[in-house]
>>> print(open('protein_37.cif').read())   # mmCIF, C-alpha atoms and all ligand atoms
data_entry
#
loop_
_atom_site.label_atom_id
_atom_site.label_comp_id
_atom_site.auth_asym_id
_atom_site.auth_seq_id
_atom_site.Cartn_x
_atom_site.Cartn_y
_atom_site.Cartn_z
CA MET A 1 -6.35 -1.59 0.11
CA LYS A 2 -2.76 -1.69 -1.12
CA SER A 3 -2.47 -0.53 -4.73
CA ILE A 4 -0.49 -2.53 -7.26
CA TYR A 5 1.74 -0.31 -9.39
CA LEU A 6 1.59 -1.08 -13.12
CA ASP A 7 2.85 2.23 -14.53
CA HIS A 8 6.63 1.83 -14.66
CA ALA A 9 6.88 3.64 -18.02
CA ALA A 10 5.65 6.78 -16.21
CA THR A 11 8.21 6.46 -13.43
CA THR A 12 9.77 3.99 -11.00
CA GLY A 13 10.49 4.18 -7.28
CA VAL A 14 13.99 4.66 -5.91
CA SER A 15 15.48 1.26 -5.04
CA GLU A 16 16.91 0.54 -1.60
CA ALA A 17 20.47 0.27 -2.95
CA VAL A 18 20.09 3.62 -4.74
CA ARG A 19 18.67 5.29 -1.62
CA GLU A 20 21.52 3.97 0.53
CA SER A 21 24.16 5.06 -1.98
CA MET A 22 22.78 8.63 -2.02
CA GLU A 23 22.26 9.07 1.71
CA PRO A 24 25.71 10.38 2.76
CA TYR A 25 25.53 13.25 0.25
CA PHE A 26 22.40 14.80 1.78
CA LYS A 27 23.93 15.18 5.22
CA GLU A 28 27.52 14.64 6.30
CA SER A 29 29.09 14.81 2.79
CA PHE A 30 27.28 17.95 1.69
CA GLY A 31 30.27 19.90 0.36
CA ASN A 32 30.25 21.77 -2.92
CA PRO A 33 32.34 19.67 -5.33
CA SER A 34 34.02 22.84 -6.62
CA SER A 35 35.30 23.78 -3.13
CA LEU A 36 39.01 23.21 -2.65
CA HIS A 37 38.80 21.88 0.91
CA SER A 38 38.08 18.68 2.76
CA PHE A 39 34.30 19.01 2.25
CA GLY A 40 34.47 19.65 -1.48
CA ILE A 41 37.36 17.54 -2.81
CA PRO A 42 35.90 14.11 -1.89
CA ASN A 43 32.65 15.03 -3.62
CA ARG A 44 34.50 16.01 -6.82
CA LYS A 45 36.07 12.55 -6.63
CA ILE A 46 32.61 10.94 -6.32
CA ILE A 47 31.41 12.75 -9.45
CA ASN A 48 34.52 11.79 -11.39
CA GLU A 49 34.27 8.14 -10.33
CA SER A 50 30.56 8.00 -11.19
CA ARG A 51 31.25 9.45 -14.63
CA VAL A 52 34.00 6.90 -15.27
CA SER A 53 31.90 3.96 -14.15
CA ILE A 54 28.84 5.11 -16.15
CA SER A 55 30.98 5.52 -19.27
CA GLN A 56 32.38 2.01 -18.78
CA MET A 57 28.90 0.52 -18.35
CA LEU A 58 27.59 2.32 -21.46
CA GLU A 59 30.81 1.69 -23.42
CA CYS A 60 31.89 5.21 -24.27
CA GLU A 61 34.51 7.64 -22.97
CA GLN A 62 34.18 9.57 -19.73
CA GLU A 63 34.34 12.99 -21.46
CA GLU A 64 31.29 11.91 -23.46
CA ILE A 65 28.97 11.67 -20.41
CA PHE A 66 27.26 14.77 -18.95
CA PHE A 67 24.97 14.90 -15.93
CA THR A 68 21.69 16.79 -16.41
CA SER A 69 18.48 17.37 -14.45
CA SER A 70 16.20 15.13 -16.58
CA GLY A 71 15.53 13.40 -19.86
CA SER A 72 13.76 16.57 -21.01
CA GLU A 73 16.84 18.69 -20.33
CA SER A 74 19.10 16.24 -22.16
CA ILE A 75 16.81 16.23 -25.20
CA ASN A 76 16.50 20.04 -25.23
CA TRP A 77 20.25 20.38 -24.89
CA ALA A 78 21.09 17.80 -27.56
CA ILE A 79 18.83 19.44 -30.14
CA LYS A 80 19.17 23.17 -29.33
CA GLY A 81 22.85 22.88 -28.40
CA THR A 82 23.71 21.15 -31.69
CA ALA A 83 21.62 23.62 -33.70
CA SER A 84 23.42 26.52 -32.05
CA ALA A 85 26.90 25.00 -32.49
CA TYR A 86 26.40 24.31 -36.22
CA PRO A 87 24.40 27.34 -37.46
CA ASP A 88 25.03 26.69 -41.17
CA LYS A 89 22.66 23.74 -41.44
CA ARG A 90 18.99 24.48 -40.79
CA LYS A 91 17.09 21.24 -41.38
CA ILE A 92 16.13 18.72 -38.68
CA ILE A 93 14.26 15.43 -39.12
CA SER A 94 12.27 13.54 -36.49
CA THR A 95 9.08 11.46 -36.16
CA LYS A 96 5.53 12.21 -35.04
CA ILE A 97 5.79 9.59 -32.28
CA GLU A 98 8.40 11.40 -30.19
CA HIS A 99 7.92 12.49 -26.59
CA HIS A 100 6.82 16.12 -26.20
CA ALA A 101 10.30 16.99 -24.94
CA THR A 102 11.42 16.50 -28.55
CA LEU A 103 8.29 17.68 -30.36
CA HIS A 104 8.00 20.95 -28.45
CA THR A 105 11.73 21.64 -28.80
CA LEU A 106 11.32 21.22 -32.55
CA ASP A 107 8.27 23.54 -32.55
CA TYR A 108 10.45 26.12 -30.82
CA LEU A 109 13.19 25.79 -33.43
CA GLU A 110 10.64 25.89 -36.25
CA ALA A 111 9.40 29.24 -34.90
CA LEU A 112 13.03 30.42 -35.13
CA GLY A 113 13.11 29.52 -38.82
CA TYR A 114 14.40 25.93 -38.83
CA ASP A 115 12.97 23.52 -41.39
CA ILE A 116 11.56 20.55 -39.46
CA SER A 117 10.30 17.45 -41.27
CA TYR A 118 8.82 14.25 -39.94
CA VAL A 119 9.66 10.84 -41.31
CA ASN A 120 6.73 8.43 -41.70
CA VAL A 121 6.28 5.51 -39.35
CA ASP A 122 4.31 2.34 -40.13
CA GLU A 123 1.32 0.97 -38.21
CA PHE A 124 3.65 -0.46 -35.53
CA GLY A 125 5.62 2.76 -35.13
CA PHE A 126 8.73 1.68 -37.08
CA VAL A 127 10.56 4.40 -39.03
CA ASP A 128 10.10 4.18 -42.82
CA LEU A 129 13.75 3.91 -43.87
CA LYS A 130 13.16 4.76 -47.53
CA HIS A 131 11.27 7.89 -46.55
CA LEU A 132 14.07 8.83 -44.15
CA ASP A 133 16.62 8.46 -46.95
CA SER A 134 14.50 10.65 -49.24
CA LEU A 135 14.19 13.43 -46.63
CA LEU A 136 17.92 13.73 -45.92
CA CYS A 137 19.84 16.40 -47.84
CA SER A 138 23.05 18.41 -47.62
CA ASN A 139 21.31 20.98 -45.38
CA THR A 140 20.20 18.37 -42.81
CA LEU A 141 21.92 18.94 -39.48
CA LEU A 142 20.34 16.38 -37.21
CA VAL A 143 17.97 13.43 -37.06
CA SER A 144 16.29 12.83 -33.68
CA ILE A 145 14.60 9.48 -33.05
CA ILE A 146 12.92 7.93 -30.03
CA TYR A 147 14.77 4.63 -29.49
CA ALA A 148 12.02 2.89 -27.45
CA ASN A 149 8.57 4.42 -27.50
CA ASN A 150 6.99 5.24 -24.14
CA GLU A 151 3.41 4.81 -25.39
CA ILE A 152 3.49 1.88 -27.80
CA GLY A 153 6.74 0.13 -26.83
CA THR A 154 8.28 0.14 -30.35
CA ILE A 155 12.07 -0.44 -30.37
CA GLN A 156 13.63 1.13 -33.47
CA ASN A 157 16.32 -0.53 -35.56
CA ILE A 158 19.01 2.04 -34.77
CA HIS A 159 21.70 0.31 -36.82
CA ALA A 160 19.61 0.63 -39.98
CA ILE A 161 18.67 4.25 -39.18
CA SER A 162 22.24 5.24 -38.37
CA GLN A 163 23.59 3.66 -41.56
CA ILE A 164 21.30 5.90 -43.63
CA VAL A 165 21.87 9.04 -41.56
CA LYS A 166 25.65 8.61 -41.64
CA GLN A 167 25.67 8.21 -45.45
CA HIS A 168 24.38 11.79 -45.53
CA ASN A 169 26.92 13.05 -43.02
CA CYS A 170 24.32 14.15 -40.44
CA PHE A 171 24.17 13.91 -36.66
CA LEU A 172 21.88 11.36 -35.02
CA HIS A 173 20.30 11.91 -31.59
CA LEU A 174 18.41 9.20 -29.73
CA ASP A 175 15.83 9.69 -27.00
CA ALA A 176 16.77 6.53 -25.12
CA VAL A 177 14.86 7.46 -21.96
CA GLN A 178 12.75 4.28 -22.13
CA ALA A 179 15.55 2.09 -23.46
CA LEU A 180 18.27 2.20 -20.80
CA CYS A 181 18.06 -0.79 -18.42
CA HIS A 182 15.11 -2.11 -20.47
CA ILE A 183 16.92 -3.44 -23.54
CA PRO A 184 20.61 -4.25 -24.03
CA PHE A 185 22.77 -1.88 -26.09
CA SER A 186 26.26 -0.47 -26.19
CA ILE A 187 27.01 3.09 -27.32
CA ARG A 188 30.17 1.84 -29.04
CA ASN A 189 28.09 -0.32 -31.39
CA LEU A 190 25.32 2.18 -32.11
CA ASN A 191 27.22 4.80 -34.18
CA VAL A 192 25.15 7.76 -32.96
CA ASP A 193 26.21 11.26 -31.86
CA LEU A 194 23.96 12.13 -28.94
CA ILE A 195 21.81 10.07 -26.55
CA SER A 196 19.43 11.28 -23.84
CA PHE A 197 18.68 9.26 -20.69
CA SER A 198 16.58 9.78 -17.56
CA GLY A 199 17.22 8.20 -14.16
CA HIS A 200 13.66 7.88 -12.90
CA LYS A 201 12.80 5.24 -15.52
CA PHE A 202 15.22 2.80 -13.88
CA HIS A 203 14.93 3.37 -10.12
CA ALA A 204 17.11 6.48 -9.73
CA PRO A 205 15.33 9.58 -8.39
CA LYS A 206 13.28 11.96 -10.53
CA GLY A 207 15.32 14.97 -11.59
CA VAL A 208 18.54 13.39 -12.85
CA GLY A 209 19.47 12.57 -16.43
CA LEU A 210 22.44 11.90 -18.65
CA LEU A 211 23.52 13.15 -22.04
CA TYR A 212 26.00 11.23 -24.14
CA LYS A 213 27.74 13.41 -26.74
CA ARG A 214 30.35 12.10 -29.15
CA LYS A 215 33.70 13.62 -28.13
CA THR A 216 34.50 15.04 -31.55
CA ASN A 217 31.18 16.93 -31.97
CA ARG A 218 30.53 20.43 -30.69
CA ILE A 219 27.59 21.43 -28.51
CA ASP A 220 26.69 24.85 -27.12
CA PRO A 221 25.55 25.09 -23.49
CA LEU A 222 21.89 25.41 -22.63
CA ILE A 223 22.67 26.61 -19.10
CA HIS A 224 25.36 29.28 -18.79
CA GLY A 225 27.27 30.07 -15.61
CA GLY A 226 30.07 28.23 -13.79
CA ASP A 227 32.43 25.81 -15.51
CA GLN A 228 30.90 22.55 -14.25
CA GLU A 229 30.59 19.61 -16.68
CA TYR A 230 33.72 20.61 -18.63
CA GLY A 231 32.27 24.12 -18.99
CA HIS A 232 29.30 22.74 -20.93
CA ARG A 233 26.56 22.86 -18.26
CA ALA A 234 26.63 25.31 -15.38
CA GLY A 235 25.18 24.65 -11.91
CA THR A 236 26.50 23.07 -8.72
CA GLU A 237 26.34 19.33 -9.26
CA ASN A 238 23.72 17.18 -7.50
CA VAL A 239 26.23 14.74 -6.01
CA ALA A 240 23.59 12.54 -4.35
CA PHE A 241 21.60 12.07 -7.55
CA ILE A 242 24.74 11.52 -9.62
CA LYS A 243 25.74 8.74 -7.23
CA GLY A 244 22.12 7.51 -7.38
CA ILE A 245 21.96 7.25 -11.16
CA GLU A 246 25.27 5.38 -11.24
CA THR A 247 24.00 2.86 -8.67
CA ALA A 248 20.67 2.50 -10.49
CA LEU A 249 22.43 1.87 -13.80
CA ARG A 250 24.66 -0.79 -12.27
CA GLU A 251 21.66 -2.53 -10.68
CA GLY A 252 19.53 -2.20 -13.81
CA LEU A 253 22.17 -3.70 -16.10
CA HIS A 254 22.85 -6.48 -13.61
CA HIS A 255 19.16 -7.49 -13.68
CA LEU A 256 18.56 -6.83 -17.37
CA GLU A 257 18.27 -10.44 -18.52
CA GLU A 258 15.93 -11.39 -15.69
CA TYR A 259 13.99 -8.17 -16.36
CA GLN A 260 13.46 -9.04 -20.01
CA ASN A 261 12.52 -12.68 -19.40
CA ARG A 262 10.19 -12.11 -16.48
CA LEU A 263 8.44 -9.05 -17.91
CA ASN A 264 7.95 -10.66 -21.33
CA SER A 265 6.31 -13.61 -19.58
CA TYR A 266 3.94 -11.19 -17.78
CA SER A 267 2.98 -9.54 -21.08
CA LYS A 268 2.40 -12.90 -22.75
CA TYR A 269 0.21 -14.03 -19.86
CA VAL A 270 -2.09 -10.99 -20.26
CA ILE A 271 -2.34 -11.35 -24.06
CA ASN A 272 -3.07 -15.10 -23.87
CA ALA A 273 -5.72 -14.58 -21.18
CA LEU A 274 -7.48 -11.89 -23.25
CA ASN A 275 -7.45 -14.19 -26.29
CA ASP A 276 -8.66 -17.20 -24.28
CA ASN A 277 -11.59 -15.10 -23.03
CA ASN A 278 -12.49 -13.87 -26.55
CA ILE A 279 -11.96 -10.23 -25.63
CA ASP A 280 -12.06 -7.88 -28.64
CA PHE A 281 -8.78 -5.95 -28.35
CA ARG A 282 -5.77 -4.69 -30.31
CA LEU A 283 -2.18 -4.48 -29.13
CA ASN A 284 -0.98 -1.01 -30.20
CA GLY A 285 2.60 -1.17 -31.45
CA PRO A 286 4.58 -4.31 -32.32
CA SER A 287 4.26 -7.87 -30.98
CA ILE A 288 5.72 -8.84 -27.59
CA ASP A 289 9.00 -10.06 -29.11
CA SER A 290 9.87 -6.70 -30.70
CA ARG A 291 8.61 -4.25 -28.09
CA LEU A 292 9.72 -3.08 -24.66
CA PRO A 293 9.59 -5.86 -22.04
CA GLY A 294 6.50 -5.68 -19.83
CA HIS A 295 4.98 -2.87 -21.90
CA LEU A 296 1.41 -3.25 -23.18
CA SER A 297 -0.73 -0.67 -24.95
CA LEU A 298 -4.12 -2.35 -25.22
CA ALA A 299 -7.04 -0.91 -27.17
CA PHE A 300 -10.63 -2.08 -26.62
CA ARG A 301 -13.36 -1.46 -29.20
CA ASP A 302 -15.93 1.26 -28.45
CA LEU A 303 -14.69 1.75 -24.90
CA ASP A 304 -13.09 4.71 -23.15
CA GLY A 305 -9.56 4.07 -21.88
CA HIS A 306 -10.01 6.68 -19.14
CA ASP A 307 -13.05 4.78 -17.83
CA ILE A 308 -11.24 1.44 -17.86
CA SER A 309 -8.19 2.85 -16.15
CA PHE A 310 -10.39 4.67 -13.59
CA GLN A 311 -12.24 1.43 -12.79
CA LEU A 312 -8.98 -0.48 -12.46
CA ASN A 313 -7.57 2.25 -10.25
CA ARG A 314 -10.65 1.95 -8.00
CA HIS A 315 -9.87 -1.76 -7.64
CA GLY A 316 -6.26 -1.04 -6.67
CA PHE A 317 -4.39 -1.24 -9.99
CA ALA A 318 -2.42 1.92 -10.86
CA LEU A 319 -1.99 2.31 -14.61
CA SER A 320 -2.59 4.97 -17.23
CA THR A 321 -4.04 5.47 -20.67
CA THR A 322 -1.04 6.87 -22.53
CA SER A 323 2.04 8.74 -21.36
CA ALA A 324 1.86 10.36 -17.92
CA CYS A 325 2.41 13.80 -19.49
CA ASP A 326 -0.62 13.30 -21.79
CA SER A 327 -2.90 11.51 -19.36
CA LYS A 328 -5.12 14.54 -18.69
CA SER A 329 -5.83 15.16 -22.38
CA ILE A 330 -9.21 14.04 -23.74
CA LEU A 331 -7.90 13.70 -27.31
CA PRO A 332 -6.38 10.35 -28.32
CA SER A 333 -2.61 10.71 -28.01
CA HIS A 334 -0.47 12.04 -30.88
CA VAL A 335 1.38 8.70 -30.97
CA LEU A 336 -1.77 6.59 -31.41
CA ARG A 337 -2.97 8.99 -34.10
CA ALA A 338 0.40 8.86 -35.89
CA ILE A 339 0.24 5.04 -36.20
CA ASN A 340 -3.40 5.26 -37.34
CA VAL A 341 -5.00 3.12 -34.64
CA ASP A 342 -8.48 2.13 -35.89
CA LYS A 343 -11.06 4.78 -34.92
CA ASP A 344 -13.22 2.20 -33.11
CA TYR A 345 -10.34 1.30 -30.81
CA ILE A 346 -8.24 4.43 -30.39
CA LYS A 347 -10.21 5.92 -27.48
CA GLY A 348 -10.27 2.62 -25.63
CA THR A 349 -6.53 2.46 -25.00
CA ILE A 350 -4.84 1.70 -21.68
CA ARG A 351 -1.11 1.37 -21.01
CA ILE A 352 0.24 -1.25 -18.62
CA SER A 353 3.95 -1.27 -17.85
CA PHE A 354 5.21 -3.92 -15.47
CA GLY A 355 8.37 -3.75 -13.37
CA LEU A 356 10.60 -6.26 -11.59
CA ASN A 357 8.78 -5.52 -8.32
CA ASN A 358 5.58 -6.99 -9.77
CA THR A 359 4.93 -10.67 -9.12
CA MET A 360 3.11 -13.20 -11.32
CA ASP A 361 0.37 -13.31 -8.65
CA GLU A 362 -0.20 -9.58 -9.17
CA VAL A 363 -0.28 -10.03 -12.93
CA VAL A 364 -2.93 -12.75 -12.55
CA LEU A 365 -5.02 -10.61 -10.16
CA PHE A 366 -4.83 -7.69 -12.57
CA THR A 367 -5.72 -9.76 -15.63
CA ASP A 368 -8.72 -11.35 -13.87
CA LYS A 369 -10.04 -7.93 -12.85
CA LEU A 370 -9.50 -6.48 -16.33
CA ILE A 371 -11.36 -9.36 -17.98
CA GLU A 372 -14.17 -9.17 -15.40
CA LEU A 373 -14.65 -5.42 -16.09
CA LEU A 374 -14.52 -5.89 -19.86
CA LYS A 375 -17.09 -8.69 -19.77
CA LYS A 376 -19.43 -6.45 -17.77
CA VAL A 377 -19.36 -3.60 -20.27
CA HIS A 378 -19.48 -5.65 -23.49
C1 LIG B 1 10.54 8.64 -24.16
C2 LIG B 1 10.66 9.74 -23.15
N1 LIG B 1 11.44 10.79 -23.44
C3 LIG B 1 11.62 11.80 -22.56
C4 LIG B 1 11.00 11.80 -21.33
C5 LIG B 1 11.24 12.93 -20.38
O1 LIG B 1 12.08 12.52 -19.32
P1 LIG B 1 12.04 13.33 -17.93
O2 LIG B 1 10.74 12.98 -17.27
O3 LIG B 1 13.22 12.84 -17.17
O4 LIG B 1 12.14 14.76 -18.27
C6 LIG B 1 10.16 10.73 -20.98
C7 LIG B 1 9.45 10.70 -19.69
O5 LIG B 1 8.30 10.33 -19.60
C8 LIG B 1 10.00 9.66 -21.93
O6 LIG B 1 9.23 8.61 -21.65
#
>>> encode(input="protein_37.cif", output="structure tokens", more="lines below")
Ligand SMILES: Cc1ncc(COP(=O)(O)O)c(C=O)c1O
Amino acid sequence: MKSIYLDHAATTGVSEAVRESMEPYFKESFGNPSSLHSFGIPNRKIINESRVSISQMLECEQEEIFFTSSGSESINWAIKGTASAYPDKRKIISTKIEHHATLHTLDYLEALGYDISYVNVDEFGFVDLKHLDSLLCSNTLLVSIIYANNEIGTIQNIHAISQIVKQHNCFLHLDAVQALCHIPFSIRNLNVDLISFSGHKFHAPKGVGLLYKRKTNRIDPLIHGGDQEYGHRAGTENVAFIKGIETALREGLHHLEEYQNRLNSYSKYVINALNDNNIDFRLNGPSIDSRLPGHLSLAFRDLDGHDISFQLNRHGFALSTTSACDSKSILPSHVLRAINVDKDYIKGTIRISFGLNNTMDEVVLFTDKLIELLKKVH
């Protein structure tokens, strides 16, 4: 039986165009981009061109884009590198609904003596702006916020957040790993200082990320060594993956409108079918119109999300309960706890995240099977 993949928030497959664009750099064009000969120089040119085209697509300057190995590396670098470059300020603010790449980085800094505070979020996961304003002070260095939440799909109002943060003269970092190629935005309009991205959420390979850093801000390196990435991140560049993430970004932005329309229609279909069949469920996070396209976190009363997802997996539907990194934990996820999901529902959560490769026929098959299973157990 062929499985249907409904877990695009965990990762996506490499697209054909991305694979083709990377192929030459595994074999014939294998030169080290720092080598000053006919194998190296063309690869330096590829990196430079990719950086320019990515900066144009994201609307920033080329010196503001750095290639990294992952979203996790970008987040670690943004937070630790800023803390290290501005040692006089010791306070950092974030939320309890961040990815562990942020939360564990902040735990690390807290153990080093930093003062970390967490701004409240409401029942849908939106940042409490008044609370944020009250937490900011002259000693606050950085605010780090997850732009689009991987577990509950909440898309933050970055303009409102940035307005408050900038009044207090602080840096703002966004974890935009789930946002890029999922919702439209331009760095020029966001007024933020640092943004982390990861390629494998939009059909580039796993193991390549980007960090945007405002040109005028300092950052200390996380990885010391050679002078790659303007001397800010050492290590021989992964030319194939750099080319891959550029291609994936171009493709993703090209399809963005279709992506939003089609995936929102899939989400609406599932919600309407559950309602029509009188299924007792909650949608964790905001309504379809203000959440990530094709992203559903559904909670069923008195059921176990692991059981439901296991059953669906047995019938050929690959999905998860929460984030892939948390999926082995038996505790309800930190994100669901932070938005206070009702205790009768919290354990019965599954996460479905559609992609452009899914068809409406697949969505219908999945929804029928879900409803059939739920009717059996209730
Ligand atoms: C919101 C968010 N931030 C950060 C990460 C980490 O990215 P990577 O897997 O590239 O390290 C993920 C991946 O699941 C994510 O969903």
>>> residues_around(input="protein_37.cif", residues="range 61-78 of chain A", least_positions_apart="2", cutoff="9 Å", atoms="all atoms listed in the file", output="number ranges by chain")
A: 48, 51-56, 58-59, 80-83, 100-102, 105, 173-177, 194-200, 206-215, 219-223, 229-230, 232-233, 237-238, 242
>>> residues_around(input="protein_37.cif", residues="range 27-36 of chain A", least_positions_apart="3", cutoff="9 Å", atoms="only C-alpha atoms", output="ChimeraX atom specification")
/A:23-24,39-47,228,236-237,239-240
>>> atom_distance(input="protein_37.cif", atom1="CA of Asn149 in chain A", atom2="CA of Arg314 in chain A")
27.5 Å
>>> closest_residue(input="protein_37.cif", among="A:Ser144, A:Asn120, A:Ser265, A:Asn169", to="ligand LIG 1 (chain B)", atoms="all atoms listed in the file")
A:Ser144
>>> closest_residue(input="protein_37.cif", among="A:Ser309, A:Lys376, A:Ile152, A:Ile116", to="His104 in chain A", atoms="all atoms listed in the file")
A:Ile116
>>> closest_residue(input="protein_37.cif", among="A:Ile308, A:Leu136, A:Leu373, A:Val335", to="Val121 in chain A", atoms="all atoms listed in the file")
A:Val335
>>> closest_residue(input="protein_37.cif", among="A:His378, A:His306, A:His8, A:Arg19", to="ligand LIG 1 (chain B)", atoms="all atoms listed in the file")
A:His8
>>> residues_near_point(input="protein_37.cif", point="(3.9, 8.4, -32.3)", cutoff="9 Å", atoms="all atoms listed in the file", output="PyMOL selection string")
chain A and resi 95-99+121+125+149+151-152+333-339
>>> residues_around(input="protein_37.cif", residues="His182 in chain A", least_positions_apart="4", cutoff="12 Å", atoms="all atoms listed in the file", output="number ranges by chain")
A: 8-9, 147-150, 153, 155, 176-178, 197, 201-203, 249, 251-264, 291-295, 353-356
>>> write_last_selection(input="protein_37.cif", atoms="C-alpha atoms", output="CSV table (one decimal), keeping the file's coordinate frame")
chain,number,residue,atom,x,y,z
A,8,HIS,CA,6.6,1.8,-14.7
A,9,ALA,CA,6.9,3.6,-18.0
A,147,TYR,CA,14.8,4.6,-29.5
A,148,ALA,CA,12.0,2.9,-27.4
A,149,ASN,CA,8.6,4.4,-27.5
A,150,ASN,CA,7.0,5.2,-24.1
A,153,GLY,CA,6.7,0.1,-26.8
A,155,ILE,CA,12.1,-0.4,-30.4
A,176,ALA,CA,16.8,6.5,-25.1
A,177,VAL,CA,14.9,7.5,-22.0
A,178,GLN,CA,12.8,4.3,-22.1
A,197,PHE,CA,18.7,9.3,-20.7
A,201,LYS,CA,12.8,5.2,-15.5
A,202,PHE,CA,15.2,2.8,-13.9
A,203,HIS,CA,14.9,3.4,-10.1
A,249,LEU,CA,22.4,1.9,-13.8
A,251,GLU,CA,21.7,-2.5,-10.7
A,252,GLY,CA,19.5,-2.2,-13.8
A,253,LEU,CA,22.2,-3.7,-16.1
A,254,HIS,CA,22.8,-6.5,-13.6
A,255,HIS,CA,19.2,-7.5,-13.7
A,256,LEU,CA,18.6,-6.8,-17.4
A,257,GLU,CA,18.3,-10.4,-18.5
A,258,GLU,CA,15.9,-11.4,-15.7
A,259,TYR,CA,14.0,-8.2,-16.4
A,260,GLN,CA,13.5,-9.0,-20.0
A,261,ASN,CA,12.5,-12.7,-19.4
A,262,ARG,CA,10.2,-12.1,-16.5
A,263,LEU,CA,8.4,-9.0,-17.9
A,264,ASN,CA,8.0,-10.7,-21.3
A,291,ARG,CA,8.6,-4.2,-28.1
A,292,LEU,CA,9.7,-3.1,-24.7
A,293,PRO,CA,9.6,-5.9,-22.0
A,294,GLY,CA,6.5,-5.7,-19.8
A,295,HIS,CA,5.0,-2.9,-21.9
A,353,SER,CA,4.0,-1.3,-17.8
A,354,PHE,CA,5.2,-3.9,-15.5
A,355,GLY,CA,8.4,-3.8,-13.4
A,356,LEU,CA,10.6,-6.3,-11.6
>>> atom_distance(input="protein_37.cif", atom1="CA of Ser267 in chain A", atom2="CA of Phe300 in chain A")
16.5 Å
>>> atom_distance(input="protein_37.cif", atom1="CA of Asp88 in chain A", atom2="CA of Asn139 in chain A")
8.0 Å
>>> residues_around(input="protein_37.cif", residues="Val192 in chain A", least_positions_apart="4", cutoff="10 Å", atoms="all atoms listed in the file", output="list in words")
Ile158, His159, Ile161, Ser162, Gln163, Val165, Lys166, Cys170, Phe171, Leu172, His173, Leu174, Ile187, Arg188, Tyr212, Lys213 and Arg214 of chain A
>>> closest_residue(input="protein_37.cif", among="A:Ala111, A:Met57, A:Ala85, A:Ala204", to="ligand LIG 1 (chain B)", atoms="only C-alpha atoms and all ligand atoms")
A:Ala204
>>> closest_residue(input="protein_37.cif", among="A:Val119, A:Leu129, A:Ile79, A:Ile145", to="ligand LIG 1 (chain B)", atoms="all atoms listed in the file")
A:Ile145
>>> residues_around(input="protein_37.cif", residues="Asn284 in chain A", least_positions_apart="5", cutoff="10 Å", atoms="all atoms listed in the file", output="PyMOL selection string")
chain A and resi 123-125+151-154+296-299+336+339-342+345-346+349-351
>>> decode(input="protein_37.cif", residues="range 114-123 of chain A", atoms="N, CA, C and O atoms", output="PDB file, in the first residue's frame")
ATOM      1  N   TYR A 114      22.177  34.626  32.113  1.00  0.00           N
ATOM      2  CA  TYR A 114      21.258  35.553  31.434  1.00  0.00           C
ATOM      3  C   TYR A 114      19.884  35.503  32.101  1.00  0.00           C
ATOM      4  O   TYR A 114      19.479  34.468  32.646  1.00  0.00           O
ATOM      5  N   ASP A 115      19.175  36.618  32.011  1.00  0.00           N
ATOM      6  CA  ASP A 115      17.830  36.704  32.576  1.00  0.00           C
ATOM      7  C   ASP A 115      16.840  36.478  31.418  1.00  0.00           C
ATOM      8  O   ASP A 115      16.724  37.320  30.520  1.00  0.00           O
ATOM      9  N   ILE A 116      16.180  35.319  31.447  1.00  0.00           N
ATOM     10  CA  ILE A 116      15.267  34.979  30.336  1.00  0.00           C
ATOM     11  C   ILE A 116      13.835  35.115  30.837  1.00  0.00           C
ATOM     12  O   ILE A 116      13.474  34.531  31.858  1.00  0.00           O
ATOM     13  N   SER A 117      12.999  35.871  30.115  1.00  0.00           N
ATOM     14  CA  SER A 117      11.581  35.888  30.503  1.00  0.00           C
ATOM     15  C   SER A 117      10.718  35.541  29.293  1.00  0.00           C
ATOM     16  O   SER A 117      11.142  35.683  28.134  1.00  0.00           O
ATOM     17  N   TYR A 118       9.527  35.069  29.621  1.00  0.00           N
ATOM     18  CA  TYR A 118       8.625  34.554  28.582  1.00  0.00           C
ATOM     19  C   TYR A 118       7.350  35.380  28.560  1.00  0.00           C
ATOM     20  O   TYR A 118       6.664  35.496  29.576  1.00  0.00           O
ATOM     21  N   VAL A 119       7.055  35.922  27.391  1.00  0.00           N
ATOM     22  CA  VAL A 119       5.853  36.737  27.250  1.00  0.00           C
ATOM     23  C   VAL A 119       4.641  35.799  27.115  1.00  0.00           C
ATOM     24  O   VAL A 119       4.732  34.741  26.481  1.00  0.00           O
ATOM     25  N   ASN A 120       3.533  36.196  27.708  1.00  0.00           N
ATOM     26  CA  ASN A 120       2.314  35.362  27.640  1.00  0.00           C
ATOM     27  C   ASN A 120       1.795  35.276  26.210  1.00  0.00           C
ATOM     28  O   ASN A 120       1.953  36.214  25.419  1.00  0.00           O
ATOM     29  N   VAL A 121       1.144  34.143  25.929  1.00  0.00           N
ATOM     30  CA  VAL A 121       0.400  34.034  24.664  1.00  0.00           C
ATOM     31  C   VAL A 121      -1.045  33.708  25.031  1.00  0.00           C
ATOM     32  O   VAL A 121      -1.305  33.151  26.096  1.00  0.00           O
ATOM     33  N   ASP A 122      -1.976  34.045  24.133  1.00  0.00           N
ATOM     34  CA  ASP A 122      -3.389  33.759  24.442  1.00  0.00           C
ATOM     35  C   ASP A 122      -3.736  32.319  24.037  1.00  0.00           C
ATOM     36  O   ASP A 122      -2.857  31.552  23.636  1.00  0.00           O
ATOM     37  N   GLU A 123      -5.014  31.981  24.103  1.00  0.00           N
ATOM     38  CA  GLU A 123      -5.434  30.594  23.844  1.00  0.00           C
ATOM     39  C   GLU A 123      -5.164  30.133  22.402  1.00  0.00           C
ATOM     40  O   GLU A 123      -5.169  28.936  22.119  1.00  0.00           O
TER      41      GLU A 123
END
